[in-house]
file upload14.pdb (PDB, C-alpha atoms and all ligand atoms)
ATOM      1  CA  MET A   1      51.316 -64.198 -61.974
ATOM      2  CA  GLU A   2      48.584 -64.188 -64.536
ATOM      3  CA  ALA A   3      50.627 -63.931 -67.702
ATOM      4  CA  GLY A   4      50.316 -66.658 -70.248
ATOM      5  CA  GLU A   5      49.418 -66.937 -73.828
ATOM      6  CA  ARG A   6      46.127 -65.427 -74.862
ATOM      7  CA  LYS A   7      44.238 -66.894 -77.790
ATOM      8  CA  GLY A   8      42.239 -65.488 -80.677
ATOM      9  CA  ILE A   9      40.993 -61.956 -80.361
ATOM     10  CA  LEU A  10      42.112 -61.839 -76.719
ATOM     11  CA  ARG A  11      45.677 -61.534 -77.978
ATOM     12  CA  PHE A  12      44.776 -57.868 -78.461
ATOM     13  CA  CYS A  13      43.385 -57.522 -74.943
ATOM     14  CA  PRO A  14      45.711 -56.245 -72.228
ATOM     15  CA  HIS A  15      45.700 -58.003 -68.853
ATOM     16  CA  ARG A  16      45.201 -54.546 -67.305
ATOM     17  CA  TYR A  17      44.135 -51.182 -68.675
ATOM     18  CA  VAL A  18      45.070 -48.103 -66.655
ATOM     19  CA  ARG A  19      45.293 -44.374 -67.174
ATOM     20  CA  SER A  20      49.035 -43.978 -66.735
ATOM     21  CA  VAL A  21      52.145 -45.744 -65.472
ATOM     22  CA  LEU A  22      51.548 -43.933 -62.168
ATOM     23  CA  ASP A  23      48.498 -46.166 -61.641
ATOM     24  CA  ILE A  24      50.812 -49.176 -61.581
ATOM     25  CA  ALA A  25      52.151 -49.839 -58.092
ATOM     26  CA  PRO A  26      55.759 -51.103 -58.294
ATOM     27  CA  ARG A  27      55.398 -53.008 -55.011
ATOM     28  CA  GLU A  28      52.420 -54.955 -56.324
ATOM     29  CA  LEU A  29      54.380 -55.977 -59.402
ATOM     30  CA  TRP A  30      57.165 -57.197 -57.148
ATOM     31  CA  GLU A  31      54.804 -59.028 -54.796
ATOM     32  CA  ARG A  32      53.153 -60.763 -57.709
ATOM     33  CA  GLY A  33      56.492 -62.127 -58.811
ATOM     34  CA  PHE A  34      57.364 -59.818 -61.660
ATOM     35  CA  ARG A  35      61.091 -59.116 -61.965
ATOM     36  CA  GLY A  36      61.338 -57.369 -65.311
ATOM     37  CA  VAL A  37      59.485 -54.501 -66.941
ATOM     38  CA  VAL A  38      59.616 -53.781 -70.648
ATOM     39  CA  LEU A  39      58.641 -50.167 -71.168
ATOM     40  CA  ASP A  40      57.396 -48.465 -74.273
ATOM     41  CA  LEU A  41      58.759 -44.949 -74.634
ATOM     42  CA  ASP A  42      56.561 -42.698 -76.770
ATOM     43  CA  ASN A  43      53.300 -41.690 -75.170
ATOM     44  CA  THR A  44      53.883 -44.157 -72.336
ATOM     45  CA  LEU A  45      56.816 -42.526 -70.521
ATOM     46  CA  VAL A  46      57.272 -39.321 -72.471
ATOM     47  CA  PRO A  47      55.177 -37.414 -75.037
ATOM     48  CA  TRP A  48      55.778 -38.559 -78.607
ATOM     49  CA  GLN A  49      59.345 -37.886 -79.800
ATOM     50  CA  LYS A  50      60.177 -36.045 -76.599
ATOM     51  CA  GLU A  51      62.796 -36.719 -73.996
ATOM     52  CA  GLU A  52      61.617 -34.707 -70.996
ATOM     53  CA  ILE A  53      60.180 -36.965 -68.357
ATOM     54  CA  GLU A  54      57.854 -35.818 -65.583
ATOM     55  CA  ALA A  55      59.294 -35.906 -62.072
ATOM     56  CA  GLU A  56      56.608 -38.349 -60.856
ATOM     57  CA  VAL A  57      57.351 -40.740 -63.699
ATOM     58  CA  ALA A  58      61.087 -40.511 -63.012
ATOM     59  CA  ASN A  59      60.360 -41.348 -59.350
ATOM     60  CA  TRP A  60      58.217 -44.291 -60.420
ATOM     61  CA  ILE A  61      61.152 -45.677 -62.444
ATOM     62  CA  GLU A  62      63.449 -45.211 -59.445
ATOM     63  CA  GLU A  63      60.953 -47.049 -57.219
ATOM     64  CA  LEU A  64      60.921 -50.049 -59.587
ATOM     65  CA  LYS A  65      64.712 -50.070 -59.525
ATOM     66  CA  ARG A  66      64.853 -49.823 -55.722
ATOM     67  CA  LEU A  67      62.703 -52.946 -55.500
ATOM     68  CA  GLY A  68      65.105 -54.802 -57.754
ATOM     69  CA  ILE A  69      62.848 -54.874 -60.813
ATOM     70  CA  ARG A  70      64.898 -54.622 -63.981
ATOM     71  CA  ILE A  71      63.750 -52.277 -66.733
ATOM     72  CA  CYS A  72      64.278 -52.228 -70.491
ATOM     73  CA  LEU A  73      63.003 -49.517 -72.831
ATOM     74  CA  LEU A  74      61.591 -51.008 -76.021
ATOM     75  CA  SER A  75      60.844 -48.471 -78.693
ATOM     76  CA  ASN A  76      59.929 -48.735 -82.352
ATOM     77  CA  SER A  77      61.366 -45.293 -82.921
ATOM     78  CA  LEU A  78      64.169 -45.079 -85.456
ATOM     79  CA  ARG A  79      65.788 -42.391 -83.326
ATOM     80  CA  THR A  80      67.596 -44.870 -81.106
ATOM     81  CA  GLY A  81      69.846 -42.205 -79.562
ATOM     82  CA  ARG A  82      66.941 -40.937 -77.492
ATOM     83  CA  SER A  83      66.212 -44.372 -75.902
ATOM     84  CA  GLN A  84      69.916 -44.843 -75.252
ATOM     85  CA  ARG A  85      70.275 -41.461 -73.564
ATOM     86  CA  MET A  86      67.238 -42.088 -71.362
ATOM     87  CA  ALA A  87      68.444 -45.576 -70.485
ATOM     88  CA  HIS A  88      71.837 -44.190 -69.589
ATOM     89  CA  ARG A  89      70.287 -41.489 -67.446
ATOM     90  CA  PHE A  90      68.271 -44.031 -65.421
ATOM     91  CA  GLY A  91      70.800 -46.839 -65.459
ATOM     92  CA  ILE A  92      68.416 -49.176 -67.282
ATOM     93  CA  LYS A  93      68.523 -51.128 -70.560
ATOM     94  CA  ALA A  94      67.231 -50.069 -73.960
ATOM     95  CA  VAL A  95      66.404 -51.858 -77.169
ATOM     96  CA  GLY A  96      65.784 -49.522 -80.065
ATOM     97  CA  TRP A  97      64.189 -50.066 -83.433
ATOM     98  CA  ALA A  98      62.219 -52.887 -81.868
ATOM     99  CA  ARG A  99      59.739 -53.485 -84.703
ATOM    100  CA  LYS A 100      56.990 -54.335 -82.222
ATOM    101  CA  PRO A 101      54.885 -56.479 -82.453
ATOM    102  CA  ALA A 102      57.663 -58.651 -83.970
ATOM    103  CA  ARG A 103      58.984 -61.202 -81.512
ATOM    104  CA  SER A 104      62.637 -60.326 -82.142
ATOM    105  CA  GLY A 105      62.502 -57.002 -80.275
ATOM    106  CA  PHE A 106      60.813 -58.624 -77.278
ATOM    107  CA  ARG A 107      63.430 -61.393 -77.282
ATOM    108  CA  ARG A 108      66.210 -58.800 -77.242
ATOM    109  CA  ALA A 109      64.512 -57.038 -74.337
ATOM    110  CA  LEU A 110      64.114 -60.299 -72.353
ATOM    111  CA  GLU A 111      67.745 -61.109 -73.025
ATOM    112  CA  ALA A 112      68.800 -57.676 -71.758
ATOM    113  CA  LEU A 113      66.660 -58.142 -68.623
ATOM    114  CA  GLY A 114      67.605 -61.758 -68.013
ATOM    115  CA  THR A 115      63.980 -62.572 -67.108
ATOM    116  CA  SER A 116      61.511 -65.144 -68.405
ATOM    117  CA  PRO A 117      58.309 -64.058 -70.190
ATOM    118  CA  ALA A 118      56.173 -65.170 -67.219
ATOM    119  CA  GLU A 119      58.006 -62.855 -64.801
ATOM    120  CA  THR A 120      58.017 -59.895 -67.176
ATOM    121  CA  VAL A 121      55.505 -57.116 -67.764
ATOM    122  CA  ILE A 122      55.186 -54.990 -70.882
ATOM    123  CA  ILE A 123      53.708 -51.534 -70.395
ATOM    124  CA  GLY A 124      52.676 -49.568 -73.469
ATOM    125  CA  ASP A 125      50.023 -47.355 -75.006
ATOM    126  CA  GLN A 126      49.412 -49.239 -78.245
ATOM    127  CA  MET A 127      47.292 -52.338 -78.645
ATOM    128  CA  PHE A 128      48.667 -53.509 -81.982
ATOM    129  CA  THR A 129      52.335 -53.215 -81.072
ATOM    130  CA  ASP A 130      52.952 -53.285 -77.291
ATOM    131  CA  ILE A 131      49.978 -55.389 -76.185
ATOM    132  CA  PHE A 132      49.595 -57.778 -79.117
ATOM    133  CA  GLY A 133      53.364 -58.370 -79.206
ATOM    134  CA  GLY A 134      53.560 -58.866 -75.452
ATOM    135  CA  ASN A 135      50.636 -61.277 -75.344
ATOM    136  CA  ARG A 136      52.141 -63.317 -78.172
ATOM    137  CA  MET A 137      55.347 -63.639 -76.168
ATOM    138  CA  GLY A 138      53.525 -64.678 -72.985
ATOM    139  CA  LEU A 139      54.277 -61.480 -71.064
ATOM    140  CA  TYR A 140      51.865 -59.817 -68.658
ATOM    141  CA  THR A 141      50.495 -56.850 -70.588
ATOM    142  CA  ILE A 142      49.450 -53.475 -69.201
ATOM    143  CA  MET A 143      48.010 -50.863 -71.522
ATOM    144  CA  VAL A 144      48.133 -47.205 -70.567
ATOM    145  CA  GLN A 145      46.274 -44.311 -72.148
ATOM    146  CA  PRO A 146      48.516 -42.244 -74.431
ATOM    147  CA  LEU A 147      50.163 -39.374 -72.541
ATOM    148  CA  HIS A 148      49.393 -36.837 -75.219
ATOM    149  CA  PRO A 149      47.152 -36.729 -78.333
ATOM    150  CA  HIS A 150      50.129 -35.771 -80.509
ATOM    151  CA  GLU A 151      51.432 -38.887 -82.286
ATOM    152  CA  PHE A 152      52.506 -40.466 -85.555
ATOM    153  CA  LEU A 153      49.794 -39.917 -88.203
ATOM    154  CA  TYR A 154      49.596 -43.634 -88.932
ATOM    155  CA  THR A 155      48.902 -44.325 -85.279
ATOM    156  CA  ARG A 156      46.331 -41.593 -85.026
ATOM    157  CA  PHE A 157      44.315 -42.448 -88.116
ATOM    158  CA  ILE A 158      44.977 -46.153 -88.742
ATOM    159  CA  SER A 159      45.619 -47.755 -85.339
ATOM    160  CA  ARG A 160      43.493 -45.803 -82.905
ATOM    161  CA  PRO A 161      40.009 -46.298 -84.441
ATOM    162  CA  PRO A 162      40.081 -50.149 -84.380
ATOM    163  CA  GLU A 163      41.869 -49.973 -81.021
ATOM    164  CA  ARG A 164      38.977 -47.935 -79.582
ATOM    165  CA  LEU A 165      36.498 -50.413 -81.064
ATOM    166  CA  LEU A 166      38.300 -53.397 -79.518
ATOM    167  CA  LEU A 167      38.603 -51.652 -76.140
ATOM    168  CA  TRP A 168      34.854 -51.048 -76.248
ATOM    169  CA  TYR A 169      34.273 -54.707 -77.128
ATOM    170  CA  PHE A 170      36.605 -56.041 -74.411
ATOM    171  CA  ARG A 171      35.040 -53.745 -71.832
ATOM    172  CA  ARG A 172      31.542 -54.818 -72.836
ATOM    173  CA  ARG A 173      32.448 -58.509 -72.634
ATOM    174  CA  GLY A 174      34.025 -58.022 -69.225
ATOM    175  CA  HIS A 175      37.558 -58.822 -70.402
ATOM    176  CA  LEU A 176      39.056 -55.448 -69.560
ATOM    177  CA  LYS A 177      40.409 -55.128 -66.033
ATOM    178  CA  GLU A 178      40.732 -51.464 -65.218
ATOM    179  CA  ALA A 179      41.687 -51.653 -61.556
ATOM    180  CA  ARG A 180      45.041 -50.461 -60.281
ATOM    181  CA  VAL A 181      47.752 -53.049 -60.700
TER     182      VAL A 181
HETATM  183 MG    MG A 201      53.910 -45.760 -77.548
END
call {"tool": "encode", "arguments": {"input": "upload14.pdb", "output": "structure tokens", "more": "lines below"}}
Ligand SMILES: [Mg+2]
result
Amino acid sequence: MEAGERKGILRFCPHRYVRSVLDIAPRELWERGFRGVVLDLDNTLVPWQKEEIEAEVANWIEELKRLGIRICLLSNSLRTGRSQRMAHRFGIKAVGWARKPARSGFRRALEALGTSPAETVIIGDQMFTDIFGGNRMGLYTIMVQPLHPHEFLYTRFISRPPERLLLWYFRRRGHLKEARV
């Protein structure tokens, strides 16, 4: 396991940066000792505000479950019914209205999973919520590219430009690991 608290500007840097959740091999997570996965919803698992999940992504969730890795959806969305319905459908946990990057949402997710930060991965598409919050909590952080360009206007115009700049900086300094997990 390579989780652990990151300092300074590296708190914004994911441990891994991949194209999609499908680039994350469940077996490797298991073999590296991870037992819990905290999953962002919008633009990580499903397009923004949507509920339809691609068959491959659904299979990927099932594969994690088969290995015995516990999963908790952690969404900042105020529409908590959607997370709950998806969690129910997959037989996994959900924490809605998470207020990421606040620690409280992550704590609720860890409680639901029953795992320690060091054996838990957060997977999300946003640096300033999913990744920064996860790094602060000592989770292993994996950033994925957003599934779809359609997103909250704040995200699109306020979060993405500095995120792109930081990704460029981390890549240039050799901090960004873009291999499969
Ligand atoms: Mg997201």
call {"tool": "residues_near_ligand", "arguments": {"input": "upload14.pdb", "ligand": "ligand MG 201 (chain A)", "cutoff": "8 Å", "atoms": "all atoms listed in the file", "output": "JSON, numbers by chain"}}
result
{"A": [40, 41, 42, 43, 44, 48, 75, 124, 125, 126, 130, 146]}
call {"tool": "resolve_selection", "arguments": {"input": "upload14.pdb", "expression": "the PyMOL selection byres (((chain A and resi 60-64) around 9) and not hetatm)", "output": "list in words"}}
result
Val21, Leu22, Ile24, Ala25, Pro26, Arg27, Leu29, Trp30, Val37, Ala55, Glu56, Val57, Ala58, Asn59, Lys65, Arg66, Leu67, Gly68, Ile69, Arg70, Ile71 and Phe90 of chain A
call {"tool": "closest_residue", "arguments": {"input": "upload14.pdb", "among": "A:Arg164, A:Arg11, A:Lys93, A:His175", "to": "Thr129 (chain A)", "atoms": "all atoms listed in the file"}}
result
A:Arg11
call {"tool": "atom_distance", "arguments": {"input": "upload14.pdb", "atom1": "CA of Phe132 (chain A)", "atom2": "CA of Gly105 (chain A)"}}
result
13.0 Å
call {"tool": "resolve_selection", "arguments": {"input": "upload14.pdb", "expression": "the PyMOL selection byres (((chain A and resi 151) around 9) and not hetatm)", "output": "list in words"}}
result
Asp42, Asn43, Pro47, Trp48, Gln49, His148, Pro149, His150, Phe152, Leu153, Tyr154, Thr155 and Arg156 of chain A
call {"tool": "closest_residue", "arguments": {"input": "upload14.pdb", "among": "A:Ile131, A:Val46, A:Val38, A:Leu147", "to": "Arg108 (chain A)", "atoms": "all atoms listed in the file"}}
result
A:Val38
call {"tool": "atom_distance", "arguments": {"input": "upload14.pdb", "atom1": "CA of Tyr140 (chain A)", "atom2": "CA of Ile122 (chain A)"}}
result
6.3 Å
call {"tool": "closest_residue", "arguments": {"input": "upload14.pdb", "among": "A:Gly96, A:Ala118, A:His88, A:Ser83", "to": "Leu45 (chain A)", "atoms": "only C-alpha atoms"}}
result
A:Ser83
call {"tool": "closest_residue", "arguments": {"input": "upload14.pdb", "among": "A:Phe34, A:Asn76, A:Leu167, A:Met143", "to": "His15 (chain A)", "atoms": "all atoms listed in the file"}}
result
A:Met143
call {"tool": "closest_residue", "arguments": {"input": "upload14.pdb", "among": "A:Met86, A:Ile142, A:Arg32, A:Gly91", "to": "Glu119 (chain A)", "atoms": "only C-alpha atoms"}}
result
A:Arg32
call {"tool": "atom_distance", "arguments": {"input": "upload14.pdb", "atom1": "CA of Arg82 (chain A)", "atom2": "CA of Leu139 (chain A)"}}
result
25.0 Å
call {"tool": "resolve_selection", "arguments": {"input": "upload14.pdb", "expression": "the PyMOL selection byres (((chain A and resi 99) around 10) and not hetatm)", "output": "PyMOL selection string"}}
result
chain A and resi 74-78+96-98+100-106+129+133
call {"tool": "residues_around", "arguments": {"input": "upload14.pdb", "residues": "Pro117 (chain A)", "least_positions_apart": "4", "cutoff": "9 Å", "atoms": "all atoms listed in the file", "output": "mmCIF file with C-alpha atoms, in the frame of the given file"}}
result
data_model
loop_
_atom_site.group_PDB
_atom_site.id
_atom_site.type_symbol
_atom_site.label_atom_id
_atom_site.label_comp_id
_atom_site.auth_asym_id
_atom_site.auth_seq_id
_atom_site.Cartn_x
_atom_site.Cartn_y
_atom_site.Cartn_z
ATOM 1 C CA ALA A 3 50.627 -63.931 -67.702
ATOM 2 C CA GLY A 4 50.316 -66.658 -70.248
ATOM 3 C CA GLY A 36 61.338 -57.369 -65.311
ATOM 4 C CA LEU A 110 64.114 -60.299 -72.353
ATOM 5 C CA VAL A 121 55.505 -57.116 -67.764
ATOM 6 C CA GLY A 134 53.560 -58.866 -75.452
ATOM 7 C CA MET A 137 55.347 -63.639 -76.168
ATOM 8 C CA GLY A 138 53.525 -64.678 -72.985
ATOM 9 C CA LEU A 139 54.277 -61.480 -71.064
ATOM 10 C CA TYR A 140 51.865 -59.817 -68.658
#
call {"tool": "residues_around", "arguments": {"input": "upload14.pdb", "residues": "Lys7 (chain A)", "least_positions_apart": "5", "cutoff": "10 Å", "atoms": "all atoms listed in the file", "output": "list in words"}}
result
Phe12, Cys13, Asn135 and Arg136 of chain A
call {"tool": "closest_residue", "arguments": {"input": "upload14.pdb", "among": "A:Gln145, A:Ser116, A:Glu178, A:Arg19", "to": "Gly33 (chain A)", "atoms": "all atoms listed in the file"}}
result
A:Ser116
call {"tool": "axis_aligned_box", "arguments": {"input": "upload14.pdb", "around": "region 50-68 of chain A", "padding_each_side": "3 Å", "output": "JSON"}}
result
{"center_x": 60.9, "center_y": -44.8, "center_z": -66.0, "size_x": 14.5, "size_y": 26.1, "size_z": 27.1}
call {"tool": "decode", "arguments": {"input": "upload14.pdb", "residues": "region 84-102 of chain A", "atoms": "N, CA and C atoms", "output": "PDB file, in the first residue's frame"}}
result
ATOM      1  N   GLN A  84     -28.745   6.335  -3.411  1.00  0.00           N
ATOM      2  CA  GLN A  84     -29.365   5.254  -2.641  1.00  0.00           C
ATOM      3  C   GLN A  84     -29.897   4.164  -3.565  1.00  0.00           C
ATOM      4  N   ARG A  85     -30.541   4.582  -4.652  1.00  0.00           N
ATOM      5  CA  ARG A  85     -31.091   3.593  -5.587  1.00  0.00           C
ATOM      6  C   ARG A  85     -29.973   2.771  -6.228  1.00  0.00           C
ATOM      7  N   MET A  86     -28.870   3.457  -6.589  1.00  0.00           N
ATOM      8  CA  MET A  86     -27.766   2.729  -7.219  1.00  0.00           C
ATOM      9  C   MET A  86     -27.103   1.784  -6.224  1.00  0.00           C
ATOM     10  N   ALA A  87     -26.965   2.260  -4.983  1.00  0.00           N
ATOM     11  CA  ALA A  87     -26.363   1.419  -3.948  1.00  0.00           C
ATOM     12  C   ALA A  87     -27.215   0.183  -3.708  1.00  0.00           C
ATOM     13  N   HIS A  88     -28.521   0.397  -3.688  1.00  0.00           N
ATOM     14  CA  HIS A  88     -29.444  -0.704  -3.464  1.00  0.00           C
ATOM     15  C   HIS A  88     -29.339  -1.716  -4.598  1.00  0.00           C
ATOM     16  N   ARG A  89     -29.273  -1.186  -5.804  1.00  0.00           N
ATOM     17  CA  ARG A  89     -29.199  -2.055  -6.986  1.00  0.00           C
ATOM     18  C   ARG A  89     -27.957  -2.952  -6.943  1.00  0.00           C
ATOM     19  N   PHE A  90     -26.827  -2.408  -6.480  1.00  0.00           N
ATOM     20  CA  PHE A  90     -25.575  -3.169  -6.476  1.00  0.00           C
ATOM     21  C   PHE A  90     -25.277  -3.840  -5.134  1.00  0.00           C
ATOM     22  N   GLY A  91     -26.113  -3.564  -4.152  1.00  0.00           N
ATOM     23  CA  GLY A  91     -25.846  -4.140  -2.834  1.00  0.00           C
ATOM     24  C   GLY A  91     -24.589  -3.554  -2.208  1.00  0.00           C
ATOM     25  N   ILE A  92     -24.412  -2.235  -2.374  1.00  0.00           N
ATOM     26  CA  ILE A  92     -23.251  -1.561  -1.790  1.00  0.00           C
ATOM     27  C   ILE A  92     -23.741  -0.413  -0.916  1.00  0.00           C
ATOM     28  N   LYS A  93     -22.813   0.301  -0.275  1.00  0.00           N
ATOM     29  CA  LYS A  93     -23.201   1.401   0.617  1.00  0.00           C
ATOM     30  C   LYS A  93     -23.252   2.724  -0.150  1.00  0.00           C
ATOM     31  N   ALA A  94     -23.891   3.702   0.453  1.00  0.00           N
ATOM     32  CA  ALA A  94     -23.898   5.047  -0.140  1.00  0.00           C
ATOM     33  C   ALA A  94     -23.951   6.103   0.952  1.00  0.00           C
ATOM     34  N   VAL A  95     -23.162   7.132   0.752  1.00  0.00           N
ATOM     35  CA  VAL A  95     -23.221   8.308   1.618  1.00  0.00           C
ATOM     36  C   VAL A  95     -23.499   9.492   0.705  1.00  0.00           C
ATOM     37  N   GLY A  96     -24.637  10.128   0.922  1.00  0.00           N
ATOM     38  CA  GLY A  96     -25.013  11.242   0.066  1.00  0.00           C
ATOM     39  C   GLY A  96     -24.679  12.570   0.726  1.00  0.00           C
ATOM     40  N   TRP A  97     -24.768  13.618  -0.057  1.00  0.00           N
ATOM     41  CA  TRP A  97     -24.536  14.959   0.440  1.00  0.00           C
ATOM     42  C   TRP A  97     -23.225  14.995   1.239  1.00  0.00           C
ATOM     43  N   ALA A  98     -22.182  14.523   0.606  1.00  0.00           N
ATOM     44  CA  ALA A  98     -20.926  14.248   1.308  1.00  0.00           C
ATOM     45  C   ALA A  98     -20.116  15.494   1.647  1.00  0.00           C
ATOM     46  N   ARG A  99     -20.353  16.582   0.942  1.00  0.00           N
ATOM     47  CA  ARG A  99     -19.588  17.815   1.126  1.00  0.00           C
ATOM     48  C   ARG A  99     -18.086  17.591   0.978  1.00  0.00           C
ATOM     49  N   LYS A 100     -17.693  16.745   0.043  1.00  0.00           N
ATOM     50  CA  LYS A 100     -16.263  16.580  -0.236  1.00  0.00           C
ATOM     51  C   LYS A 100     -15.694  17.943  -0.622  1.00  0.00           C
ATOM     52  N   PRO A 101     -14.540  18.389  -0.224  1.00  0.00           N
ATOM     53  CA  PRO A 101     -13.501  17.586   0.431  1.00  0.00           C
ATOM     54  C   PRO A 101     -13.575  17.537   1.965  1.00  0.00           C
ATOM     55  N   ALA A 102     -14.695  17.929   2.569  1.00  0.00           N
ATOM     56  CA  ALA A 102     -14.785  17.888   4.035  1.00  0.00           C
ATOM     57  C   ALA A 102     -14.521  16.465   4.546  1.00  0.00           C
TER      58      ALA A 102
END
